[in-house]
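Here the structure is laid out as structure tokens; the discussion comes afterwards.
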Amino acid sequence: MEYPDKYHLSQDQNRRLTRSNFDLLVHTTARFEGINTTLPQTRTIMEGLGVNGVSIDDMNTIVQLKRGWDYITKEDQPLSLQIQKNINAIVAKYDALIPGALRTGQGGVDIGAADDYIPPMISEVTEQGFLATMMASQRSTTEKAMRIMYHDMRSQIFWDGNKRSATLSANKVMIDGGAGLINVPLPKWGEWNELISAYYQSGDVGDLLAWTYANAIQGVSL
């Protein structure tokens with residue numbers, strides 16, 4: 001199945017679209033860490049204020065996500081493994097064993113099944129090669145971004161913050177190519193979680209790509 005770009009913006013237009021939706025994007029991405037703040041609470045925390053009932057750890061995660069989204073709208077170079085490391089260093093600053101470093105030990109993912117998913121060990125050479133091949137391919141910007149995102153999530157390339165880092169890396173590709181944004185709407189997270197759990201177990205990304213393309217590609221038509 002082919003996934004042509006749904007939106008055709010300039011890089012600058014896509015950057016402005018992203019910045020105008022920072023609060024929603026941070027609010028959604030924070031759910032990867034089980035943070036259940038309301039949108040107004042998320043916005044207040046992003047403005048540097050505290051919110052009663054929200055832990056310091058959760059507030060730090062939200063602030064770092066804002067900084068991560070800000071970083072990908074300002075970085076002029078195309079996505080590279082180093083930029084992915086930079087993203088992880090920002091968003092996983094307070095979580096990861098070594099923020100911004102590729103995982104060198106064994107990891108695991110709780111997917112709610114009888115056995116957790118155990119990702120393979122990470123090779124920097126392999127990850128460099130995967131990213132270079134994907135970025136040089138003839139696939140659409142949207143398909144490149146989706147495939148990079150789900151590869152990084154399943155491979156667990158960092159010590160922590162993999163879903164956050166993968167989402168921002170994919171959106172860096174989307175922004176640079178003017179293809180809109182990838183953002184799974186919160187009401188659809190139940191469906192998405194089922195699909196990504198199945199993908200972790202099988203390694204077959206087809207259904208997940210099709211679902212994401214139908215439900216999670218956002219933008220504006222000019």
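Each chain in the structure tokens gets a letter, A, B and so on, in the order shown; residues start at 1 in every chain, and ligands are counted from 1 in the order they appear.
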
List every residue of range 144-209 of chain A that has an atom at most 9 Å from any atom of range 91-102 of chain A, and for each one report the closest atom pair and its distance in Å to one decimal, counting only C-alpha atoms, with rows sorted by chain and then by increasing residue number, as a tab-separated table.
residue	atom	partner	partner_atom	distance
A:Gln156	CA	A:Leu102	CA	8.9
A:Ile157	CA	A:Leu102	CA	5.6
A:Phe158	CA	A:Leu102	CA	4.7
A:Trp159	CA	A:Ala96	CA	5.5
A:Asp160	CA	A:Ala96	CA	4.7
A:Gly161	CA	A:Ala92	CA	5.2
A:Asn162	CA	A:Ala92	CA	8.5
A:Arg164	CA	A:Val91	CA	7.0
A:Ser165	CA	A:Val91	CA	6.9

Any chance you could list, as an NGL selection string, the residues in range 121-179 of chain A that come up helix (DSSP H, G or I) when DSSP is run on the backbone? :A and (124-136 or 141-155 or 162-177)

Keeping only N, CA and C atoms, write those residues as a short mmCIF file (atom, residue, chain, number, x, y, z; two decimals), in the first residue's frame.
data_model
loop_
_atom_site.label_atom_id
_atom_site.label_comp_id
_atom_site.auth_asym_id
_atom_site.auth_seq_id
_atom_site.Cartn_x
_atom_site.Cartn_y
_atom_site.Cartn_z
N GLU A 124 24.75 0.93 16.63
CA GLU A 124 24.74 2.28 16.06
C GLU A 124 24.91 2.23 14.54
N VAL A 125 25.73 1.33 14.06
CA VAL A 125 25.93 1.21 12.60
C VAL A 125 24.63 0.81 11.92
N THR A 126 23.91 -0.14 12.52
CA THR A 126 22.65 -0.59 11.95
C THR A 126 21.62 0.53 11.94
N GLU A 127 21.55 1.29 13.03
CA GLU A 127 20.58 2.39 13.10
C GLU A 127 20.94 3.50 12.12
N GLN A 128 22.22 3.78 11.98
CA GLN A 128 22.66 4.77 10.98
C GLN A 128 22.23 4.32 9.59
N GLY A 129 22.45 3.04 9.30
CA GLY A 129 22.12 2.52 7.98
C GLY A 129 20.62 2.54 7.72
N PHE A 130 19.83 2.13 8.71
CA PHE A 130 18.37 2.16 8.54
C PHE A 130 17.89 3.57 8.23
N LEU A 131 18.34 4.54 9.02
CA LEU A 131 17.87 5.91 8.84
C LEU A 131 18.31 6.48 7.49
N ALA A 132 19.57 6.23 7.11
CA ALA A 132 20.07 6.74 5.83
C ALA A 132 19.30 6.15 4.66
N THR A 133 19.04 4.85 4.72
CA THR A 133 18.29 4.18 3.66
C THR A 133 16.86 4.70 3.57
N MET A 134 16.22 4.87 4.72
CA MET A 134 14.85 5.36 4.73
C MET A 134 14.77 6.78 4.21
N MET A 135 15.66 7.64 4.65
CA MET A 135 15.61 9.04 4.23
C MET A 135 15.91 9.20 2.74
N ALA A 136 16.72 8.29 2.18
CA ALA A 136 17.08 8.38 0.76
C ALA A 136 16.07 7.66 -0.14
N THR A 141 7.11 11.60 2.17
CA THR A 141 7.55 12.09 3.48
C THR A 141 6.74 11.43 4.59
N THR A 142 5.44 11.31 4.40
CA THR A 142 4.57 10.73 5.43
C THR A 142 4.93 9.29 5.72
N GLU A 143 5.19 8.51 4.68
CA GLU A 143 5.53 7.11 4.90
C GLU A 143 6.90 6.98 5.57
N LYS A 144 7.86 7.78 5.14
CA LYS A 144 9.16 7.75 5.80
C LYS A 144 9.01 8.02 7.29
N ALA A 145 8.24 9.06 7.62
CA ALA A 145 8.08 9.46 9.01
C ALA A 145 7.41 8.35 9.83
N MET A 146 6.35 7.74 9.29
CA MET A 146 5.66 6.68 10.01
C MET A 146 6.57 5.49 10.23
N ARG A 147 7.30 5.10 9.20
CA ARG A 147 8.17 3.93 9.33
C ARG A 147 9.31 4.18 10.32
N ILE A 148 9.89 5.37 10.30
CA ILE A 148 10.94 5.71 11.26
C ILE A 148 10.36 5.68 12.68
N MET A 149 9.19 6.25 12.86
CA MET A 149 8.58 6.32 14.18
C MET A 149 8.36 4.93 14.76
N TYR A 150 7.76 4.05 13.98
CA TYR A 150 7.43 2.73 14.52
C TYR A 150 8.66 1.83 14.62
N HIS A 151 9.62 2.01 13.73
CA HIS A 151 10.89 1.27 13.89
C HIS A 151 11.55 1.64 15.21
N ASP A 152 11.63 2.94 15.50
CA ASP A 152 12.30 3.38 16.71
C ASP A 152 11.56 2.93 17.96
N MET A 153 10.24 2.96 17.92
CA MET A 153 9.46 2.52 19.08
C MET A 153 9.70 1.04 19.35
N ARG A 154 9.61 0.22 18.31
CA ARG A 154 9.75 -1.23 18.51
C ARG A 154 11.18 -1.62 18.88
N SER A 155 12.15 -0.92 18.28
CA SER A 155 13.55 -1.25 18.54
C SER A 155 14.02 -0.76 19.91
N ASN A 162 11.38 6.33 24.57
CA ASN A 162 11.42 5.93 23.16
C ASN A 162 10.21 6.38 22.36
N LYS A 163 9.01 6.28 22.94
CA LYS A 163 7.83 6.71 22.18
C LYS A 163 7.81 8.22 21.99
N ARG A 164 8.21 8.95 23.02
CA ARG A 164 8.29 10.40 22.88
C ARG A 164 9.33 10.78 21.83
N SER A 165 10.50 10.18 21.92
CA SER A 165 11.59 10.50 20.98
C SER A 165 11.23 10.12 19.56
N ALA A 166 10.62 8.94 19.39
CA ALA A 166 10.23 8.48 18.06
C ALA A 166 9.18 9.39 17.45
N THR A 167 8.23 9.83 18.27
CA THR A 167 7.17 10.71 17.77
C THR A 167 7.75 12.04 17.31
N LEU A 168 8.67 12.60 18.08
CA LEU A 168 9.26 13.87 17.68
C LEU A 168 10.20 13.71 16.48
N SER A 169 10.93 12.60 16.42
CA SER A 169 11.78 12.35 15.25
C SER A 169 10.94 12.27 13.98
N ALA A 170 9.83 11.54 14.07
CA ALA A 170 8.95 11.41 12.91
C ALA A 170 8.37 12.75 12.51
N ASN A 171 8.01 13.55 13.49
CA ASN A 171 7.43 14.85 13.17
C ASN A 171 8.47 15.83 12.64
N LYS A 172 9.73 15.63 12.99
CA LYS A 172 10.81 16.42 12.37
C LYS A 172 10.83 16.16 10.86
N VAL A 173 10.67 14.89 10.48
CA VAL A 173 10.62 14.54 9.06
C VAL A 173 9.39 15.17 8.41
N MET A 174 8.25 15.09 9.08
CA MET A 174 7.00 15.66 8.54
C MET A 174 7.13 17.17 8.35
N ILE A 175 7.68 17.85 9.36
CA ILE A 175 7.83 19.30 9.27
C ILE A 175 8.77 19.69 8.13
N ASP A 176 9.92 19.02 8.05
CA ASP A 176 10.89 19.35 7.00
C ASP A 176 10.31 19.14 5.61
N GLY A 177 9.44 18.12 5.47
CA GLY A 177 8.84 17.83 4.17
C GLY A 177 7.51 18.52 3.93
#

Residues at most 6 Å from range 5-8 of chain A, counting only C-alpha atoms, excluding those fewer than 3 positions away in the same chain, as a PyMOL selection string? chain A and resi 142+178-180

Take the residues from that selection and write them out as a PDB file, in the first residue's frame, keeping N, CA and C atoms.
ATOM      1  N   THR A 142       5.439  11.313   4.401  1.00  0.00           N
ATOM      2  CA  THR A 142       4.566  10.733   5.428  1.00  0.00           C
ATOM      3  C   THR A 142       4.935   9.290   5.717  1.00  0.00           C
ATOM      4  N   GLY A 178       7.051  19.308   4.892  1.00  0.00           N
ATOM      5  CA  GLY A 178       5.791  20.029   4.712  1.00  0.00           C
ATOM      6  C   GLY A 178       4.580  19.118   4.604  1.00  0.00           C
ATOM      7  N   ALA A 179       4.615  17.990   5.300  1.00  0.00           N
ATOM      8  CA  ALA A 179       3.561  16.982   5.147  1.00  0.00           C
ATOM      9  C   ALA A 179       2.549  16.978   6.290  1.00  0.00           C
ATOM     10  N   GLY A 180       2.592  18.006   7.158  1.00  0.00           N
ATOM     11  CA  GLY A 180       1.665  18.040   8.282  1.00  0.00           C
ATOM     12  C   GLY A 180       2.304  17.464   9.527  1.00  0.00           C
TER      13      GLY A 180
END

Between A:Pro120, A:Tyr71, A:Arg43, A:Ser140, single out the one closest to Asn86 in chain A, counting only C-alpha atoms.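 The shortest atom-to-atom distance to Asn86 in chain A comes from A:Tyr71.
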
Separation of CA of Arg103 in chain A and CA of Gly190 in chain A, in Å?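 According to the coordinates, CA of Arg103 in chain A and CA of Gly190 in chain A are separated by 28.1 Å.
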
With only C-alpha atoms as the counted atoms, please give the residues lying no more than 6 Å from range 20-30 of chain A, apart from itself and same-chain residues fewer than 2 positions off, as a PyMOL selection string. chain A and resi 17-18+32-33+35+42-43+65

Just to be explicit: take each residue in the selection above, keep N, CA and C atoms, and write the result as a PDB file, in the first residue's frame.
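To be explicit, this is the file written out as again.pdb:
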ATOM      1  N   LEU A  17       2.554  25.858  11.779  1.00  0.00           N
ATOM      2  CA  LEU A  17       1.442  24.984  12.163  1.00  0.00           C
ATOM      3  C   LEU A  17       1.776  24.251  13.461  1.00  0.00           C
ATOM      4  N   THR A  18       2.997  23.751  13.552  1.00  0.00           N
ATOM      5  CA  THR A  18       3.412  23.026  14.748  1.00  0.00           C
ATOM      6  C   THR A  18       3.417  23.929  15.970  1.00  0.00           C
ATOM      7  N   PHE A  32       2.082   9.314  26.735  1.00  0.00           N
ATOM      8  CA  PHE A  32       3.000   8.177  26.677  1.00  0.00           C
ATOM      9  C   PHE A  32       3.542   7.842  28.063  1.00  0.00           C
ATOM     10  N   GLU A  33       3.581   8.838  28.930  1.00  0.00           N
ATOM     11  CA  GLU A  33       4.088   8.637  30.289  1.00  0.00           C
ATOM     12  C   GLU A  33       2.962   8.517  31.308  1.00  0.00           C
ATOM     13  N   ILE A  35       0.570  10.594  31.844  1.00  0.00           N
ATOM     14  CA  ILE A  35       0.226  11.883  32.438  1.00  0.00           C
ATOM     15  C   ILE A  35      -1.175  12.272  31.975  1.00  0.00           C
ATOM     16  N   THR A  42      -2.071  21.404  31.168  1.00  0.00           N
ATOM     17  CA  THR A  42      -0.848  21.264  30.372  1.00  0.00           C
ATOM     18  C   THR A  42      -0.351  22.627  29.916  1.00  0.00           C
ATOM     19  N   ARG A  43      -1.273  23.453  29.452  1.00  0.00           N
ATOM     20  CA  ARG A  43      -0.909  24.792  28.975  1.00  0.00           C
ATOM     21  C   ARG A  43      -0.315  25.625  30.113  1.00  0.00           C
ATOM     22  N   LEU A  65       8.979  18.109  27.100  1.00  0.00           N
ATOM     23  CA  LEU A  65       8.304  17.851  25.819  1.00  0.00           C
ATOM     24  C   LEU A  65       8.126  19.151  25.046  1.00  0.00           C
TER      25      LEU A  65
END

Here is a test: counting only C-alpha atoms, which residue of A:Gln218, A:Ser197, A:Gln41, A:Ser202 is nearest to Asp58 in chain A?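 The answer is A:Gln41, which sits nearest to Asp58 in chain A.
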
Tell me, in Å to one decimal, how far CA of Asn14 in chain A is from CA of Thr38 in chain A. 25.5 Å

Can you work out the spacing between CA of Glu191 in chain A and CA of Trp211 in chain A in Å, to one decimal?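 Those two atoms sit 9.1 Å apart.
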
Val63 in chain A: which residues within 8 Å, counting only C-alpha atoms, same-chain residues fewer than 5 positions away excluded, as a ChimeraX atom specification? /A:45-46,48

Those same residues, written as a PDB file, in the first residue's frame with C-alpha atoms?
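As written to disk, part_2.pdb reads:
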ATOM      1  CA  ILE A  45       2.609  24.034  33.104  1.00  0.00           C
ATOM      2  CA  MET A  46       4.078  24.904  29.706  1.00  0.00           C
ATOM      3  CA  GLY A  48       6.119  27.772  33.730  1.00  0.00           C
TER       4      GLY A  48
END
